[in-house]
Amino acid sequence: MEWKGRRQSSNIEDQRGAGPSAGGSNPFGRGNGGFRLPTGGGRRAGGGMSIGTIVLLVVVYFVLKMMGIDLLQVMGEGGGGQVSMPGFEQTESASKRTSPQEEETKAFMSTVLAETEDTWNGIFQSAGEKYEEPKMVLFSGSVQSACGFASAASGPFYCPGDRKVYLDMSFFDELANKFDAAGDFAQAYVVAHEVGHHVQNLTGVLPRFNQQRQRMSEVEANQMSIRVELQADCYAGIWGKYTQQKGLLESGDLDEALNAATQIGDDTLQKRMQGYVVPESFNHGTSDQRRRWFKRGFDTGRVDACDTFKGDV
């Protein structure tokens, strides 16, 4: 894909290094759990700090004292300066340092997001509507979203609650090495698919699905989820069509996207991971379905061609 030198989106939030690293990854799941720190306190002394807090402060004071830090002296010197622990000088966090390859991937993601903005701004404008651009959050290890806490095992995901796409860029290494779906346009397809979910959120598809599935059985919800996912694939194909019309696609780019759609089909993933398939557990679509609906969006470039909620898929 010819992307260098093109506009990059300003809707990028780089949170890499902000969260703890999480080992292990299943890039095709979705995390929606959450956690919060305990805020309750014990019995308070004199209406101020709790007894437990006072004891903790005393212990901290003596520990620091043993390490050569006189907390009282530090506080007495104004308290406005920085305090460094012995042997832990304050320098730029190593977790914030990134390699040139990572920065190039970030630039590519920013460019792809900008291209989706151009595509959907144009489509919405032609329909007399205004497109609200999503944010893309780049994270490493784990992240907190409006949909809850997610680790790298969640893979790329879209959160309707804050209208943001979340992406740990290490996912692309696994996409290439473990799932045999290498290539920059395969990566672009992943981003365009999640942006497709944002379009569904704006048009009311996701809110209706989230409301209806509360009354559905697990099997029924899975079947409806497949239609939602396939429509996002079709929307990604529409973006691919507009990108092709700009002359940005290179030889083999379309094949990269179609191969990625194939490799992340429910049947292909289950065969690879457990050796057999359980069709009633499918919730994203088979390889054939995902490839077909991406190609439909790519061939037509029309939103009305992406109605996956009518008839068979």
# chains A, B, ... in the order shown; residues from 1 in each chain; ligands from 1

call {"tool": "residues_around", "arguments": {"residues": "Pro134 in chain A", "least_positions_apart": "3", "cutoff": "10 Å", "atoms": "only C-alpha atoms", "output": "PyMOL selection string"}}
result
chain A and resi 11-12+113+116-117+131+137+158+160+162-165+195+198-199

call {"tool": "residues_around", "arguments": {"residues": "range 214-231 of chain A", "least_positions_apart": "6", "cutoff": "8 Å", "atoms": "only C-alpha atoms", "output": "ChimeraX atom specification"}}
result
/A:196-197,205-206,280-285,289-290,293-294,306-309,313

call {"tool": "write_last_selection", "arguments": {"atoms": "C-alpha atoms", "output": "CSV table (one decimal), in the first residue's frame"}}
result
chain,number,residue,atom,x,y,z
A,196,GLY,CA,-16.6,-0.5,10.5
A,197,HIS,CA,-17.9,-1.2,14.0
A,205,VAL,CA,-26.7,-1.3,14.5
A,206,LEU,CA,-24.6,-1.9,17.6
A,280,GLU,CA,-22.9,-23.2,17.0
A,281,SER,CA,-20.1,-21.4,18.8
A,282,PHE,CA,-19.2,-19.3,15.8
A,283,ASN,CA,-19.6,-15.6,16.4
A,284,HIS,CA,-17.5,-13.9,13.7
A,285,GLY,CA,-18.2,-15.9,10.6
A,289,GLN,CA,-18.2,-15.7,4.8
A,290,ARG,CA,-15.6,-13.2,5.9
A,293,TRP,CA,-18.4,-10.0,2.5
A,294,PHE,CA,-15.1,-8.1,2.4
A,306,CYS,CA,-23.6,-4.6,3.1
A,307,ASP,CA,-26.9,-5.5,4.6
A,308,THR,CA,-26.0,-8.7,6.3
A,309,PHE,CA,-29.3,-8.8,8.3
A,313,VAL,CA,-25.0,-14.8,4.9

call {"tool": "select_by_dssp", "arguments": {"residues": "range 130-304 of chain A", "states": "strand (DSSP E)", "output": "ChimeraX atom specification"}}
result
/A:135-138,142-145,148-151,157-159,164-167

call {"tool": "write_last_selection", "arguments": {"atoms": "N, CA and C atoms", "output": "mmCIF file, in the first residue's frame"}}
result
data_model
loop_
_atom_site.group_PDB
_atom_site.id
_atom_site.type_symbol
_atom_site.label_atom_id
_atom_site.label_comp_id
_atom_site.auth_asym_id
_atom_site.auth_seq_id
_atom_site.Cartn_x
_atom_site.Cartn_y
_atom_site.Cartn_z
ATOM 1 N N LYS A 135 -11.578 7.810 17.847
ATOM 2 C CA LYS A 135 -10.190 7.853 18.296
ATOM 3 C C LYS A 135 -9.599 6.442 18.182
ATOM 4 N N MET A 136 -8.289 6.378 17.994
ATOM 5 C CA MET A 136 -7.590 5.095 18.061
ATOM 6 C C MET A 136 -6.584 5.156 19.201
ATOM 7 N N VAL A 137 -6.708 4.223 20.139
ATOM 8 C CA VAL A 137 -5.814 4.161 21.289
ATOM 9 C C VAL A 137 -4.784 3.068 21.050
ATOM 10 N N LEU A 138 -3.520 3.448 21.024
ATOM 11 C CA LEU A 138 -2.427 2.483 20.923
ATOM 12 C C LEU A 138 -1.949 2.177 22.337
ATOM 13 N N SER A 142 -1.798 -3.767 28.402
ATOM 14 C CA SER A 142 -3.164 -3.706 28.906
ATOM 15 C C SER A 142 -3.662 -2.275 28.821
ATOM 16 N N VAL A 143 -4.976 -2.133 28.922
ATOM 17 C CA VAL A 143 -5.570 -0.808 28.797
ATOM 18 C C VAL A 143 -6.928 -0.797 29.481
ATOM 19 N N GLN A 144 -7.331 0.362 29.943
ATOM 20 C CA GLN A 144 -8.652 0.545 30.528
ATOM 21 C C GLN A 144 -9.506 1.331 29.555
ATOM 22 N N SER A 145 -10.647 0.775 29.170
ATOM 23 C CA SER A 145 -11.569 1.456 28.273
ATOM 24 C C SER A 145 -12.919 1.603 28.955
ATOM 25 N N GLY A 148 -14.334 -1.627 29.897
ATOM 26 C CA GLY A 148 -13.681 -2.408 30.927
ATOM 27 C C GLY A 148 -12.197 -2.536 30.673
ATOM 28 N N PHE A 149 -11.576 -3.357 31.477
ATOM 29 C CA PHE A 149 -10.137 -3.610 31.387
ATOM 30 C C PHE A 149 -9.877 -4.643 30.309
ATOM 31 N N ALA A 150 -8.857 -4.412 29.486
ATOM 32 C CA ALA A 150 -8.511 -5.356 28.422
ATOM 33 C C ALA A 150 -7.007 -5.543 28.376
ATOM 34 N N SER A 151 -6.576 -6.744 28.100
ATOM 35 C CA SER A 151 -5.163 -7.038 27.926
ATOM 36 C C SER A 151 -4.877 -7.244 26.443
ATOM 37 N N PHE A 157 -9.925 -4.071 19.322
ATOM 38 C CA PHE A 157 -11.364 -4.059 19.578
ATOM 39 C C PHE A 157 -11.888 -2.635 19.524
ATOM 40 N N TYR A 158 -13.184 -2.530 19.327
ATOM 41 C CA TYR A 158 -13.863 -1.236 19.331
ATOM 42 C C TYR A 158 -14.780 -1.182 20.538
ATOM 43 N N CYS A 159 -14.742 -0.071 21.243
ATOM 44 C CA CYS A 159 -15.601 0.105 22.412
ATOM 45 C C CYS A 159 -16.667 1.149 22.102
ATOM 46 N N LYS A 164 -13.988 4.435 20.709
ATOM 47 C CA LYS A 164 -12.559 4.358 20.424
ATOM 48 C C LYS A 164 -12.185 2.958 19.944
ATOM 49 N N VAL A 165 -11.216 2.913 19.044
ATOM 50 C CA VAL A 165 -10.611 1.664 18.593
ATOM 51 C C VAL A 165 -9.352 1.445 19.425
ATOM 52 N N TYR A 166 -9.193 0.250 19.966
ATOM 53 C CA TYR A 166 -8.035 -0.066 20.812
ATOM 54 C C TYR A 166 -7.145 -1.083 20.100
ATOM 55 N N LEU A 167 -5.833 -0.817 20.122
ATOM 56 C CA LEU A 167 -4.910 -1.657 19.366
ATOM 57 C C LEU A 167 -3.569 -1.767 20.067
#

call {"tool": "residues_around", "arguments": {"residues": "Gly252 in chain A", "least_positions_apart": "3", "cutoff": "10 Å", "atoms": "only C-alpha atoms", "output": "ChimeraX atom specification"}}
result
/A:1,183,185,249,255-257

call {"tool": "atom_distance", "arguments": {"atom1": "CA of Phe172 in chain A", "atom2": "CA of Gly301 in chain A"}}
result
26.3 Å

call {"tool": "decode", "arguments": {"residues": "range 101-117 of chain A", "atoms": "all heavy atoms", "output": "mmCIF file, in the first residue's frame"}}
result
data_model
loop_
_atom_site.group_PDB
_atom_site.id
_atom_site.type_symbol
_atom_site.label_atom_id
_atom_site.label_comp_id
_atom_site.auth_asym_id
_atom_site.auth_seq_id
_atom_site.Cartn_x
_atom_site.Cartn_y
_atom_site.Cartn_z
ATOM 1 N N GLN A 101 10.980 0.713 13.976
ATOM 2 C CA GLN A 101 9.941 -0.104 13.348
ATOM 3 C C GLN A 101 8.573 0.167 13.976
ATOM 4 O O GLN A 101 7.562 0.270 13.276
ATOM 5 C CB GLN A 101 10.280 -1.586 13.477
ATOM 6 C CG GLN A 101 9.252 -2.498 12.807
ATOM 7 C CD GLN A 101 9.598 -3.970 12.957
ATOM 8 O OE1 GLN A 101 10.625 -4.327 13.539
ATOM 9 N NE2 GLN A 101 8.752 -4.843 12.435
ATOM 10 N N GLU A 102 8.541 0.299 15.313
ATOM 11 C CA GLU A 102 7.284 0.589 15.991
ATOM 12 C C GLU A 102 6.748 1.966 15.596
ATOM 13 O O GLU A 102 5.539 2.135 15.406
ATOM 14 C CB GLU A 102 7.472 0.517 17.508
ATOM 15 C CG GLU A 102 7.677 -0.887 18.038
ATOM 16 C CD GLU A 102 8.018 -0.902 19.514
ATOM 17 O OE1 GLU A 102 8.723 0.022 19.979
ATOM 18 O OE2 GLU A 102 7.578 -1.825 20.217
ATOM 19 N N GLU A 103 7.651 2.935 15.458
ATOM 20 C CA GLU A 103 7.221 4.269 15.064
ATOM 21 C C GLU A 103 6.704 4.289 13.631
ATOM 22 O O GLU A 103 5.774 5.025 13.305
ATOM 23 C CB GLU A 103 8.368 5.269 15.248
ATOM 24 C CG GLU A 103 8.682 5.571 16.706
ATOM 25 C CD GLU A 103 7.445 5.965 17.500
ATOM 26 O OE1 GLU A 103 6.797 6.966 17.141
ATOM 27 O OE2 GLU A 103 7.106 5.261 18.463
ATOM 28 N N GLU A 104 7.300 3.460 12.780
ATOM 29 C CA GLU A 104 6.804 3.383 11.411
ATOM 30 C C GLU A 104 5.423 2.738 11.372
ATOM 31 O O GLU A 104 4.543 3.166 10.615
ATOM 32 C CB GLU A 104 7.785 2.596 10.523
ATOM 33 C CG GLU A 104 7.300 2.485 9.081
ATOM 34 C CD GLU A 104 8.382 2.048 8.120
ATOM 35 O OE1 GLU A 104 9.555 2.391 8.344
ATOM 36 O OE2 GLU A 104 8.049 1.371 7.134
ATOM 37 N N THR A 105 5.238 1.711 12.206
ATOM 38 C CA THR A 105 3.916 1.076 12.282
ATOM 39 C C THR A 105 2.882 2.064 12.799
ATOM 40 O O THR A 105 1.751 2.114 12.304
ATOM 41 C CB THR A 105 3.962 -0.166 13.198
ATOM 42 O OG1 THR A 105 4.917 -1.103 12.689
ATOM 43 C CG2 THR A 105 2.596 -0.844 13.252
ATOM 44 N N LYS A 106 3.264 2.864 13.794
ATOM 45 C CA LYS A 106 2.348 3.882 14.310
ATOM 46 C C LYS A 106 1.979 4.871 13.214
ATOM 47 O O LYS A 106 0.803 5.252 13.057
ATOM 48 C CB LYS A 106 2.973 4.613 15.495
ATOM 49 C CG LYS A 106 2.104 5.754 16.021
ATOM 50 C CD LYS A 106 2.811 6.542 17.121
ATOM 51 C CE LYS A 106 1.958 7.745 17.556
ATOM 52 N NZ LYS A 106 2.637 8.537 18.619
ATOM 53 N N ALA A 107 2.968 5.298 12.430
ATOM 54 C CA ALA A 107 2.705 6.234 11.343
ATOM 55 C C ALA A 107 1.769 5.610 10.315
ATOM 56 O O ALA A 107 0.875 6.273 9.778
ATOM 57 C CB ALA A 107 4.014 6.653 10.678
ATOM 58 N N PHE A 108 1.962 4.324 10.047
ATOM 59 C CA PHE A 108 1.088 3.624 9.107
ATOM 60 C C PHE A 108 -0.337 3.550 9.636
ATOM 61 O O PHE A 108 -1.301 3.809 8.910
ATOM 62 C CB PHE A 108 1.633 2.216 8.853
ATOM 63 C CG PHE A 108 0.773 1.389 7.938
ATOM 64 C CD1 PHE A 108 0.516 1.781 6.641
ATOM 65 C CD2 PHE A 108 0.215 0.195 8.388
ATOM 66 C CE1 PHE A 108 -0.280 1.007 5.801
ATOM 67 C CE2 PHE A 108 -0.578 -0.577 7.563
ATOM 68 C CZ PHE A 108 -0.829 -0.168 6.266
ATOM 69 N N MET A 109 -0.485 3.212 10.932
ATOM 70 C CA MET A 109 -1.812 3.151 11.530
ATOM 71 C C MET A 109 -2.501 4.521 11.476
ATOM 72 O O MET A 109 -3.700 4.623 11.212
ATOM 73 C CB MET A 109 -1.715 2.691 12.994
ATOM 74 C CG MET A 109 -1.270 1.243 13.186
ATOM 75 S SD MET A 109 -2.454 0.037 12.548
ATOM 76 C CE MET A 109 -1.709 -0.336 10.946
ATOM 77 N N SER A 110 -1.726 5.579 11.724
ATOM 78 C CA SER A 110 -2.288 6.929 11.681
ATOM 79 C C SER A 110 -2.751 7.277 10.272
ATOM 80 O O SER A 110 -3.780 7.939 10.089
ATOM 81 C CB SER A 110 -1.239 7.945 12.151
ATOM 82 O OG SER A 110 -0.819 7.676 13.473
ATOM 83 N N THR A 111 -1.988 6.818 9.282
ATOM 84 C CA THR A 111 -2.349 7.086 7.895
ATOM 85 C C THR A 111 -3.593 6.304 7.496
ATOM 86 O O THR A 111 -4.498 6.842 6.840
ATOM 87 C CB THR A 111 -1.181 6.733 6.966
ATOM 88 O OG1 THR A 111 -0.013 7.453 7.367
ATOM 89 C CG2 THR A 111 -1.509 7.091 5.524
ATOM 90 N N VAL A 112 -3.656 5.036 7.888
ATOM 91 C CA VAL A 112 -4.837 4.221 7.579
ATOM 92 C C VAL A 112 -6.076 4.820 8.229
ATOM 93 O O VAL A 112 -7.143 4.920 7.603
ATOM 94 C CB VAL A 112 -4.630 2.764 8.041
ATOM 95 C CG1 VAL A 112 -5.937 1.968 7.927
ATOM 96 C CG2 VAL A 112 -3.544 2.091 7.213
ATOM 97 N N LEU A 113 -5.947 5.238 9.490
ATOM 98 C CA LEU A 113 -7.090 5.853 10.170
ATOM 99 C C LEU A 113 -7.526 7.114 9.434
ATOM 100 O O LEU A 113 -8.731 7.368 9.276
ATOM 101 C CB LEU A 113 -6.736 6.174 11.620
ATOM 102 C CG LEU A 113 -7.876 6.723 12.479
ATOM 103 C CD1 LEU A 113 -9.019 5.715 12.584
ATOM 104 C CD2 LEU A 113 -7.380 7.094 13.879
ATOM 105 N N ALA A 114 -6.564 7.908 8.956
ATOM 106 C CA ALA A 114 -6.899 9.120 8.202
ATOM 107 C C ALA A 114 -7.643 8.775 6.919
ATOM 108 O O ALA A 114 -8.595 9.467 6.526
ATOM 109 C CB ALA A 114 -5.627 9.908 7.885
ATOM 110 N N GLU A 115 -7.227 7.686 6.264
ATOM 111 C CA GLU A 115 -7.898 7.274 5.024
ATOM 112 C C GLU A 115 -9.332 6.812 5.309
ATOM 113 O O GLU A 115 -10.239 7.067 4.520
ATOM 114 C CB GLU A 115 -7.102 6.161 4.345
ATOM 115 C CG GLU A 115 -5.733 6.584 3.824
ATOM 116 C CD GLU A 115 -5.815 7.605 2.700
ATOM 117 O OE1 GLU A 115 -6.813 7.600 1.952
ATOM 118 O OE2 GLU A 115 -4.885 8.423 2.580
ATOM 119 N N THR A 116 -9.545 6.144 6.448
ATOM 120 C CA THR A 116 -10.925 5.759 6.799
ATOM 121 C C THR A 116 -11.755 7.001 7.099
ATOM 122 O O THR A 116 -12.951 7.045 6.779
ATOM 123 C CB THR A 116 -10.973 4.807 8.014
ATOM 124 O OG1 THR A 116 -10.526 5.480 9.205
ATOM 125 C CG2 THR A 116 -10.112 3.566 7.783
ATOM 126 N N GLU A 117 -11.122 8.007 7.686
ATOM 127 C CA GLU A 117 -11.846 9.256 7.960
ATOM 128 C C GLU A 117 -12.308 9.903 6.662
ATOM 129 O O GLU A 117 -13.458 10.356 6.548
ATOM 130 C CB GLU A 117 -10.934 10.216 8.739
ATOM 131 C CG GLU A 117 -10.637 9.759 10.158
ATOM 132 C CD GLU A 117 -9.490 10.513 10.799
ATOM 133 O OE1 GLU A 117 -8.846 11.328 10.108
ATOM 134 O OE2 GLU A 117 -9.226 10.283 11.998
#
